[in-house]
Amino acid sequence: MTQTDFDVIQIGYGPVSKVSALLLDRMGWRVGVFERFGELYPLPRAVCIDHEVNRVLHAAGLGEIATAVTSPAPIYRWFNADWQELLTLDWTGDSVSGGPGTLFVHQPSFEAMLHAEVRRRGNIALNFETECVGFEDRGDHVAVTVRDTATKAERTVTARYMIGIDGANSFVREKLGITRTDLGFEADWLVVDFLLQEGLDARDLGLAECGQWCNPLRPTTIVPGGVDLNGRVLRRWEFMRLPTETKEEMVQEAKVQELLGDWIKPEQGELIRHALYTFRSLVADEWRMGRVLLAGDAAHLMPPFMGQGMCAGLRDVWNLGWKLDRVLRGTADDSLLDTYMPERRPHVTEVIQQSMFLGSIICIPDPAAAAERDAMFLSGEAPPPAPFPILNDGLLARAADGSVLAPGGDLGPHGTVRHHRRTGRFDSFVPAGFTLILDRTIPASGLPSRTRAALDAMGVRVVTVADRVTATDAEFADSQGQFLSYMAERGVHALLVRPDFFLFGAAADSAALDALVADLQGQLGALGMVQRQAEPA
């Protein structure tokens, strides 16, 4: 095997790249990161993460960062021009991950803490002011040409794999000649971030705490902008550009102050930034070419109405990270990486389509069309938002005809548990990896020898969850009732969980579990993964 400078090279250094580098470092891999700019982007962009991404960050050892920069989201309400409520999305209740469904985040603080962690890690080589100007897949490695943006000096660095995490205008994607499918959404919005005067909050200002004002005269988003590391509160407004307005007009500070004038006075805080964005819906048609892969905005763009842009990118690298880890270790064939796009592309496409549906509610500048929309929602005739997407392809339990067997593809449950007299997050006791979660209906001690041998050969950890009152020290007491309620609702007693928390499948009895384990063994065997593996990092 050719000796390389790095195991993985990443092009770009946004939040998705930072988390990816930290994940790979935690697994023991050498990561080279190349960023053409000379410093972190200092202004807010994303304002929220969901429960799944929060869970990912905790499992990746970044829980303290997630806790420091996030706060639970309020109820998300959509109003018409007369402030009649059209739609409510309640993000405040417990999720399948055992916490709030959505949290607001101050992205600059999030990135600053991630960056400080990157600087502490010995396996990550961070190169600012160094742009990628070319690369070549040489079969067993990638040779990447990078250029110092100041001196213009060029050099070649090598890695076993490269990930293009270099944003919407990705050089990596364009160099590969990868096209994108346009799902049909495009609208210009002015994004404004405002730092509130100390002591002020949304209620003091008479604002909707978190909402969309679907006023055809000026569709407007009003949401929290997060809280920075100094405890300062930000608010965000987003104003849709109307057909009668030019892009140049929208970015003039006088126009910004005019638009803010109905909501907040200049003396009530500080205007942090304003920028005009074109919200689009694009998905790359290929996410992998040989040893080069795409992730984040390089692979997909979506409207912001579900707050899923950064979340989708973090899902990409969480999915890709455990697969790269096994391929790099030689405990899986390179073909495991071929499951990346079939799993992630349909999922993110559905998320984009749901975001487009929400966008179609608010982005109506015509009063007559808006009145029709209002009547439909107020009468209860509007279709409800679709359930959040699950995996529908890839490494999932299959029926004889090849169809996915439910609840395969679901995001598995998570919550607070007690184990050996300690209470904490389940993922603090059980690292991310293939895991078989049983209730007492299927005793772990009673598994057939062939099933136990197959689980051992695949490196599957076996745990038992039980009621919090009767659980033994060796079992996991289901303190929040997350696991047992999930299993009871679906009539199953065993959950076979993938390293990214999605279910490979579930079983209602011992015979079905034997078949499920055999299915996983067959699929992993085809990927070169049925062998004794080291415990996940």
# chains A, B, ... in the order shown; residues from 1 in each chain; ligands from 1

call {"tool": "select_by_dssp", "arguments": {"residues": "region 75-220 of chain A", "states": "helix (DSSP H, G or I)", "output": "PyMOL selection string"}}
result
chain A and resi 107-120+171-176

call {"tool": "residues_around", "arguments": {"residues": "region 310-327 of chain A", "least_positions_apart": "3", "cutoff": "8 Å", "atoms": "only C-alpha atoms", "output": "list in words"}}
result
Pro15, Val16, Val19, Ser20, Leu23, Leu24, Met27, Ala46, Ile49, Asp50, Val53, Val56, Ala295, Gly296, Asp297, Gly307, Gly330, Thr331, Ala332, Asp333, Asp334, Leu336, Leu337, Tyr340, Arg344, Val348, Pro499 and Asp500 of chain A

call {"tool": "residues_around", "arguments": {"residues": "region 140-142 of chain A", "least_positions_apart": "5", "cutoff": "7 Å", "atoms": "only C-alpha atoms", "output": "VMD selection string"}}
result
chain A and resid 2 135 158 to 162 291

call {"tool": "write_last_selection", "arguments": {"atoms": "N, CA and C atoms", "output": "CSV table (one decimal), in the first residue's frame"}}
result
chain,number,residue,atom,x,y,z
A,2,THR,N,0.5,2.2,-0.8
A,2,THR,CA,1.3,3.5,-0.9
A,2,THR,C,1.2,4.2,0.4
A,135,PHE,N,-6.6,17.6,-8.2
A,135,PHE,CA,-6.4,16.3,-7.6
A,135,PHE,C,-6.5,15.2,-8.6
A,158,THR,N,-1.0,13.8,-0.2
A,158,THR,CA,-1.6,12.6,-0.6
A,158,THR,C,-2.5,12.0,0.6
A,159,ALA,N,-3.5,11.3,0.3
A,159,ALA,CA,-4.3,10.7,1.3
A,159,ALA,C,-5.0,9.4,0.7
A,160,ARG,N,-5.5,8.6,1.5
A,160,ARG,CA,-6.2,7.4,1.0
A,160,ARG,C,-7.6,7.8,0.5
A,161,TYR,N,-8.2,8.8,1.1
A,161,TYR,CA,-9.5,9.3,0.6
A,161,TYR,C,-9.5,10.8,0.7
A,162,MET,N,-10.4,11.4,-0.1
A,162,MET,CA,-10.6,12.9,0.0
A,162,MET,C,-12.1,13.1,0.1
A,291,ARG,N,-12.1,7.4,-4.9
A,291,ARG,CA,-11.6,7.8,-3.6
A,291,ARG,C,-12.0,9.2,-3.2

call {"tool": "atom_distance", "arguments": {"atom1": "CA of Leu495 (chain A)", "atom2": "CA of Gly408 (chain A)"}}
result
9.2 Å

call {"tool": "closest_residue", "arguments": {"among": "A:Gly394, A:Gly481, A:Gly522, A:Pro342", "to": "Phe502 (chain A)", "atoms": "only C-alpha atoms"}}
result
A:Gly394

call {"tool": "closest_atom_pairs", "arguments": {"of": "region 194-234 of chain A", "to": "region 75-80 of chain A", "cutoff": "8 Å", "atoms": "only C-alpha atoms", "output": "tab-separated table"}}
result
residue	atom	partner	partner_atom	distance
A:Glu209	CA	A:Ile75	CA	8.0
A:Cys210	CA	A:Tyr76	CA	5.1
A:Gly211	CA	A:Arg77	CA	4.6
A:Gln212	CA	A:Trp78	CA	4.7
A:Trp213	CA	A:Phe79	CA	5.0
A:Cys214	CA	A:Asn80	CA	4.7
A:Asn215	CA	A:Asn80	CA	5.7

call {"tool": "closest_residue", "arguments": {"among": "A:Asp137, A:Glu372, A:Glu343, A:Asp509", "to": "Leu395 (chain A)", "atoms": "only C-alpha atoms"}}
result
A:Glu343

call {"tool": "residues_around", "arguments": {"residues": "Gly99 (chain A)", "least_positions_apart": "6", "cutoff": "9 Å", "atoms": "only C-alpha atoms", "output": "list of chain:residue names"}}
result
A:His51, A:Asn54, A:Arg55, A:Thr92, A:Gly93, A:His414, A:Gly415

call {"tool": "atom_distance", "arguments": {"atom1": "CA of Arg180 (chain A)", "atom2": "CA of Ile352 (chain A)"}}
result
13.7 Å

call {"tool": "residues_around", "arguments": {"residues": "Glu117 (chain A)", "least_positions_apart": "3", "cutoff": "12 Å", "atoms": "only C-alpha atoms", "output": "list in words"}}
result
Lys18, Val19, Ala21, Leu22, Leu23, Asp25, Arg26, Gly61, Leu62, Glu64, Ile65, Phe110, Glu111, Ala112, Met113, Leu114, Arg120, Arg121, Gly122, Asn123, Ile124 and Leu126 of chain A

call {"tool": "residues_around", "arguments": {"residues": "Thr423 (chain A)", "least_positions_apart": "3", "cutoff": "12 Å", "atoms": "only C-alpha atoms", "output": "PyMOL selection string"}}
result
chain A and resi 415-420+426-429+468+473+476-480

call {"tool": "atom_distance", "arguments": {"atom1": "CA of Thr278 (chain A)", "atom2": "CA of Gly177 (chain A)"}}
result
22.8 Å

call {"tool": "select_by_dssp", "arguments": {"residues": "region 79-181 of chain A", "states": "strand (DSSP E or B)", "output": "ChimeraX atom specification"}}
result
/A:79-80,85-89,94,100,102-105,124-127,130-137,142-148,154-164,180-181

call {"tool": "residues_around", "arguments": {"residues": "region 386-388 of chain A", "least_positions_apart": "4", "cutoff": "12 Å", "atoms": "only C-alpha atoms", "output": "ChimeraX atom specification"}}
result
/A:50,52,89,95-96,101,306,308,347-358,382,409-411

call {"tool": "closest_residue", "arguments": {"among": "A:Glu381, A:Glu248, A:Asp188, A:Asp338", "to": "Trp287 (chain A)", "atoms": "only C-alpha atoms"}}
result
A:Asp338

call {"tool": "closest_residue", "arguments": {"among": "A:Ala150, A:Ala59, A:Ala453, A:Ala68", "to": "Gly433 (chain A)", "atoms": "only C-alpha atoms"}}
result
A:Ala59
